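Here the structure is laid out as structure tokens; the discussion comes afterwards.
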Amino acid sequence: MKDPLEEVQKRLLGDMRGFYSETTIDHAMRPRNAGSLPNPDGFATRFTRGGESLEIWLKARDNRVEDASFWTDGCAATIATGSMATELAKSKTIQDALTISARDVADALDNLPEGNFHCAELAAQTLKAALQDYLALQREPWKKAYRKGK
């Protein structure tokens with residue numbers, strides 16, 4: 001007897017392969033850096049017009065992104081772009097990470113479909129906001145003590 005869940009997964013992967021690159025599928029099915037980071041140095045949440053959210057947490061050391069993570073309630077493309085954006089940011093200087101664009105994220109996923117480009121925009125915007133939060137906390141570190149749950 002065949003496992004019904006396995007059959008659904010095979011069908012879903014078949015459907016995804018007709019639309020997404022293998023890189024996008026890999027990041028959607030096995031996202032890197034998923035979950036929160038305790039006591040982050042930078043954090044941001046952004047939303048799409050449709051109500052999907054993406055959160056990014058950062059740890060920094062010596063002006064470099066030491067670690068980055070994300071969480072989303074969005075679609076497969078949002079998961080993949082959050083995964084890729086955090087991967088692209090890790091080990092970069094803060095200034096270099098600030099230059100990561102939606103096009104960089106989409107291209108790193110091997111041509112994310114244009115219909116999902118807004119997901120790459122969400123990931124790049126959220127990453128920039130988390131980096132800007134880090135920079136703001138560097139100027140006024142006392143504000144970190146007043147964060148709720150972040």
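By convention in this document, the chains of the structure tokens carry letters A, B, ... by their order, each chain's residues are numbered from 1, and ligands are numbered from 1 in the order they are shown.
DSSP, applied to the backbone of this structure, assigns strand (DSSP E) to the following residues of stretch 48-121 of chain A: A:Ser53, A:Leu54, A:Glu55, A:Ile56, A:Trp57, A:Leu58, A:Lys59, A:Ala60, A:Arg61, A:Arg64, A:Val65, A:Glu66, A:Asp67, A:Ala68, A:Ser69, A:Phe70, A:Trp71, A:Thr72.
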Contact table stretch 40-87 of chain A vs stretch 98-119 of chain A, cut-off 9 Å, shortest pair per residue, only C-alpha atoms, as a Markdown table:
| residue | atom | partner | partner_atom | distance |
| --- | --- | --- | --- | --- |
| A:Thr48 | CA | A:His118 | CA | 8.2 |
| A:Gly74 | CA | A:Cys119 | CA | 8.9 |
| A:Cys75 | CA | A:Cys119 | CA | 8.8 |
| A:Ala77 | CA | A:Cys119 | CA | 6.3 |
| A:Thr78 | CA | A:Cys119 | CA | 5.1 |
| A:Ile79 | CA | A:Cys119 | CA | 8.6 |
| A:Ala80 | CA | A:Leu109 | CA | 7.8 |
| A:Thr81 | CA | A:Val105 | CA | 6.4 |
| A:Gly82 | CA | A:Cys119 | CA | 8.4 |
| A:Met84 | CA | A:Val105 | CA | 6.3 |
| A:Ala85 | CA | A:Val105 | CA | 5.9 |
Restricting it to C-alpha atoms, dump the selection as an mmCIF file, in the first residue's frame.
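Done, and the output landed in result_15.cif:
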data_model
loop_
_atom_site.group_PDB
_atom_site.id
_atom_site.type_symbol
_atom_site.label_atom_id
_atom_site.label_comp_id
_atom_site.auth_asym_id
_atom_site.auth_seq_id
_atom_site.Cartn_x
_atom_site.Cartn_y
_atom_site.Cartn_z
ATOM 1 C CA THR A 48 3.181 42.088 1.796
ATOM 2 C CA GLY A 74 4.257 32.977 3.390
ATOM 3 C CA CYS A 75 4.315 30.736 0.350
ATOM 4 C CA ALA A 77 8.685 31.412 -2.841
ATOM 5 C CA THR A 78 8.717 33.543 0.324
ATOM 6 C CA ILE A 79 10.366 30.704 2.238
ATOM 7 C CA ALA A 80 12.972 30.292 -0.505
ATOM 8 C CA THR A 81 13.722 34.028 -0.715
ATOM 9 C CA GLY A 82 14.008 34.360 3.072
ATOM 10 C CA MET A 84 18.479 32.802 0.263
ATOM 11 C CA ALA A 85 18.584 36.382 1.599
#
Write out as a PDB file with N, CA and C atoms, in the first residue's frame the residues lying within 10 Å of A:Ala129, counting only C-alpha atoms and excluding same-chain residues fewer than 2 positions away.
ATOM      1  N   GLY A  42      20.129  42.825  15.333  1.00  0.00           N
ATOM      2  CA  GLY A  42      19.256  43.522  14.401  1.00  0.00           C
ATOM      3  C   GLY A  42      18.038  42.662  14.121  1.00  0.00           C
ATOM      4  N   PHE A  43      16.887  43.302  13.956  1.00  0.00           N
ATOM      5  CA  PHE A  43      15.642  42.570  13.716  1.00  0.00           C
ATOM      6  C   PHE A  43      14.696  43.447  12.911  1.00  0.00           C
ATOM      7  N   ALA A  44      13.915  42.795  12.043  1.00  0.00           N
ATOM      8  CA  ALA A  44      12.876  43.519  11.302  1.00  0.00           C
ATOM      9  C   ALA A  44      11.769  42.569  10.882  1.00  0.00           C
ATOM     10  N   THR A  45      10.578  43.106  10.761  1.00  0.00           N
ATOM     11  CA  THR A  45       9.416  42.412  10.207  1.00  0.00           C
ATOM     12  C   THR A  45       8.848  43.289   9.110  1.00  0.00           C
ATOM     13  N   ARG A  46       8.504  42.671   7.997  1.00  0.00           N
ATOM     14  CA  ARG A  46       7.842  43.374   6.910  1.00  0.00           C
ATOM     15  C   ARG A  46       6.686  42.510   6.430  1.00  0.00           C
ATOM     16  N   GLU A  55      10.170  37.829   8.846  1.00  0.00           N
ATOM     17  CA  GLU A  55      10.979  38.382   9.928  1.00  0.00           C
ATOM     18  C   GLU A  55      12.416  37.937   9.713  1.00  0.00           C
ATOM     19  N   ILE A  56      13.352  38.829   9.986  1.00  0.00           N
ATOM     20  CA  ILE A  56      14.776  38.495   9.890  1.00  0.00           C
ATOM     21  C   ILE A  56      15.477  38.957  11.157  1.00  0.00           C
ATOM     22  N   LEU A  98      24.042  45.469   3.010  1.00  0.00           N
ATOM     23  CA  LEU A  98      23.037  46.492   2.680  1.00  0.00           C
ATOM     24  C   LEU A  98      22.817  46.630   1.178  1.00  0.00           C
ATOM     25  N   ALA A 123      12.028  39.958   0.880  1.00  0.00           N
ATOM     26  CA  ALA A 123      13.224  39.460   1.564  1.00  0.00           C
ATOM     27  C   ALA A 123      14.316  40.524   1.607  1.00  0.00           C
ATOM     28  N   ALA A 124      14.566  41.196   0.487  1.00  0.00           N
ATOM     29  CA  ALA A 124      15.607  42.225   0.448  1.00  0.00           C
ATOM     30  C   ALA A 124      15.241  43.413   1.345  1.00  0.00           C
ATOM     31  N   GLN A 125      13.986  43.824   1.329  1.00  0.00           N
ATOM     32  CA  GLN A 125      13.548  44.943   2.177  1.00  0.00           C
ATOM     33  C   GLN A 125      13.642  44.587   3.658  1.00  0.00           C
ATOM     34  N   THR A 126      13.267  43.377   4.009  1.00  0.00           N
ATOM     35  CA  THR A 126      13.328  42.963   5.414  1.00  0.00           C
ATOM     36  C   THR A 126      14.774  42.859   5.877  1.00  0.00           C
ATOM     37  N   LEU A 127      15.638  42.324   5.028  1.00  0.00           N
ATOM     38  CA  LEU A 127      17.067  42.251   5.361  1.00  0.00           C
ATOM     39  C   LEU A 127      17.638  43.643   5.583  1.00  0.00           C
ATOM     40  N   LEU A 131      19.258  45.201   9.033  1.00  0.00           N
ATOM     41  CA  LEU A 131      20.601  45.804   9.045  1.00  0.00           C
ATOM     42  C   LEU A 131      20.546  47.244   9.551  1.00  0.00           C
ATOM     43  N   GLN A 132      19.530  47.978   9.128  1.00  0.00           N
ATOM     44  CA  GLN A 132      19.370  49.357   9.608  1.00  0.00           C
ATOM     45  C   GLN A 132      19.051  49.383  11.097  1.00  0.00           C
ATOM     46  N   ASP A 133      18.298  48.395  11.577  1.00  0.00           N
ATOM     47  CA  ASP A 133      18.034  48.277  13.005  1.00  0.00           C
ATOM     48  C   ASP A 133      19.348  48.037  13.753  1.00  0.00           C
ATOM     49  N   TYR A 134      20.195  47.186  13.223  1.00  0.00           N
ATOM     50  CA  TYR A 134      21.510  46.942  13.819  1.00  0.00           C
ATOM     51  C   TYR A 134      22.308  48.245  13.903  1.00  0.00           C
ATOM     52  N   LEU A 135      22.340  48.981  12.805  1.00  0.00           N
ATOM     53  CA  LEU A 135      23.099  50.243  12.788  1.00  0.00           C
ATOM     54  C   LEU A 135      22.532  51.249  13.782  1.00  0.00           C
TER      55      LEU A 135
END
Near-A:Lys90 list (12 Å; only C-alpha atoms; drop same-chain fewer than 4 positions) as a list in words: Arg32, Asn33, Trp57, Leu58, Lys59, Ala60, Arg61, Asn63, Arg64, Val65, Glu66, Asp67, Ala68, Ser69, Ser83, Met84, Ala85, Thr86, Ile94, Asp96, Ala97, Leu98, Ile100, Leu127 and Leu131 of chain A
Can I get the selected residues back with N, CA and C atoms, as a PDB file, in the first residue's frame?
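Output file out-v3.pdb follows:
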ATOM      1  N   ARG A  32      17.315  27.201   4.743  1.00  0.00           N
ATOM      2  CA  ARG A  32      18.470  27.455   5.605  1.00  0.00           C
ATOM      3  C   ARG A  32      18.092  28.577   6.565  1.00  0.00           C
ATOM      4  N   ASN A  33      18.595  28.494   7.763  1.00  0.00           N
ATOM      5  CA  ASN A  33      18.479  29.588   8.740  1.00  0.00           C
ATOM      6  C   ASN A  33      17.052  29.881   9.190  1.00  0.00           C
ATOM      7  N   TRP A  57      16.291  38.048  11.714  1.00  0.00           N
ATOM      8  CA  TRP A  57      17.124  38.323  12.886  1.00  0.00           C
ATOM      9  C   TRP A  57      18.577  38.271  12.455  1.00  0.00           C
ATOM     10  N   LEU A  58      19.409  39.152  13.037  1.00  0.00           N
ATOM     11  CA  LEU A  58      20.836  39.197  12.711  1.00  0.00           C
ATOM     12  C   LEU A  58      21.695  39.204  13.965  1.00  0.00           C
ATOM     13  N   LYS A  59      22.838  38.553  13.857  1.00  0.00           N
ATOM     14  CA  LYS A  59      23.912  38.679  14.839  1.00  0.00           C
ATOM     15  C   LYS A  59      25.107  39.233  14.077  1.00  0.00           C
ATOM     16  N   ALA A  60      25.785  40.201  14.676  1.00  0.00           N
ATOM     17  CA  ALA A  60      26.933  40.824  14.006  1.00  0.00           C
ATOM     18  C   ALA A  60      28.137  40.843  14.937  1.00  0.00           C
ATOM     19  N   ARG A  61      29.304  40.790  14.317  1.00  0.00           N
ATOM     20  CA  ARG A  61      30.552  40.907  15.056  1.00  0.00           C
ATOM     21  C   ARG A  61      31.589  41.509  14.112  1.00  0.00           C
ATOM     22  N   ASN A  63      31.726  44.292  12.516  1.00  0.00           N
ATOM     23  CA  ASN A  63      31.129  44.896  11.329  1.00  0.00           C
ATOM     24  C   ASN A  63      30.761  43.868  10.251  1.00  0.00           C
ATOM     25  N   ARG A  64      30.509  42.626  10.650  1.00  0.00           N
ATOM     26  CA  ARG A  64      30.104  41.568   9.716  1.00  0.00           C
ATOM     27  C   ARG A  64      28.844  40.882  10.229  1.00  0.00           C
ATOM     28  N   VAL A  65      28.060  40.387   9.308  1.00  0.00           N
ATOM     29  CA  VAL A  65      26.906  39.577   9.671  1.00  0.00           C
ATOM     30  C   VAL A  65      27.451  38.193  10.041  1.00  0.00           C
ATOM     31  N   GLU A  66      27.403  37.901  11.314  1.00  0.00           N
ATOM     32  CA  GLU A  66      27.908  36.616  11.808  1.00  0.00           C
ATOM     33  C   GLU A  66      26.876  35.508  11.615  1.00  0.00           C
ATOM     34  N   ASP A  67      25.607  35.848  11.819  1.00  0.00           N
ATOM     35  CA  ASP A  67      24.530  34.875  11.665  1.00  0.00           C
ATOM     36  C   ASP A  67      23.261  35.621  11.272  1.00  0.00           C
ATOM     37  N   ALA A  68      22.389  34.928  10.583  1.00  0.00           N
ATOM     38  CA  ALA A  68      21.113  35.509  10.156  1.00  0.00           C
ATOM     39  C   ALA A  68      20.091  34.389  10.105  1.00  0.00           C
ATOM     40  N   SER A  69      18.862  34.720  10.479  1.00  0.00           N
ATOM     41  CA  SER A  69      17.789  33.740  10.400  1.00  0.00           C
ATOM     42  C   SER A  69      16.498  34.445   9.996  1.00  0.00           C
ATOM     43  N   SER A  83      15.226  32.288   2.946  1.00  0.00           N
ATOM     44  CA  SER A  83      16.380  31.412   3.101  1.00  0.00           C
ATOM     45  C   SER A  83      17.588  31.954   2.341  1.00  0.00           C
ATOM     46  N   MET A  84      17.367  32.328   1.088  1.00  0.00           N
ATOM     47  CA  MET A  84      18.479  32.802   0.263  1.00  0.00           C
ATOM     48  C   MET A  84      19.004  34.153   0.743  1.00  0.00           C
ATOM     49  N   ALA A  85      18.127  35.060   1.131  1.00  0.00           N
ATOM     50  CA  ALA A  85      18.584  36.382   1.599  1.00  0.00           C
ATOM     51  C   ALA A  85      19.488  36.240   2.823  1.00  0.00           C
ATOM     52  N   THR A  86      19.114  35.358   3.752  1.00  0.00           N
ATOM     53  CA  THR A  86      19.951  35.176   4.942  1.00  0.00           C
ATOM     54  C   THR A  86      21.274  34.503   4.580  1.00  0.00           C
ATOM     55  N   ILE A  94      28.579  44.664   6.990  1.00  0.00           N
ATOM     56  CA  ILE A  94      27.259  45.294   7.079  1.00  0.00           C
ATOM     57  C   ILE A  94      26.999  46.112   5.816  1.00  0.00           C
ATOM     58  N   ASP A  96      28.271  45.754   2.783  1.00  0.00           N
ATOM     59  CA  ASP A  96      28.031  44.881   1.629  1.00  0.00           C
ATOM     60  C   ASP A  96      26.655  44.222   1.706  1.00  0.00           C
ATOM     61  N   ALA A  97      26.249  43.818   2.893  1.00  0.00           N
ATOM     62  CA  ALA A  97      24.929  43.197   3.060  1.00  0.00           C
ATOM     63  C   ALA A  97      23.815  44.191   2.720  1.00  0.00           C
ATOM     64  N   LEU A  98      24.042  45.469   3.010  1.00  0.00           N
ATOM     65  CA  LEU A  98      23.037  46.492   2.680  1.00  0.00           C
ATOM     66  C   LEU A  98      22.817  46.630   1.178  1.00  0.00           C
ATOM     67  N   ILE A 100      22.527  44.083  -0.915  1.00  0.00           N
ATOM     68  CA  ILE A 100      21.816  42.921  -1.465  1.00  0.00           C
ATOM     69  C   ILE A 100      20.427  43.373  -1.924  1.00  0.00           C
ATOM     70  N   LEU A 127      15.638  42.324   5.028  1.00  0.00           N
ATOM     71  CA  LEU A 127      17.067  42.251   5.361  1.00  0.00           C
ATOM     72  C   LEU A 127      17.638  43.643   5.583  1.00  0.00           C
ATOM     73  N   LEU A 131      19.258  45.201   9.033  1.00  0.00           N
ATOM     74  CA  LEU A 131      20.601  45.804   9.045  1.00  0.00           C
ATOM     75  C   LEU A 131      20.546  47.244   9.551  1.00  0.00           C
TER      76      LEU A 131
END
Enumerate, as a ChimeraX atom specification, the complete set of residues in stretch 17-87 of chain A that a backbone-based DSSP assignment places in helix (DSSP H, G or I). /A:17,22-29,76-87
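Atom pair atom CA of A:Gly35 / atom CA of A:Leu122 has a distance of 17.2 Å (rounded to one decimal).
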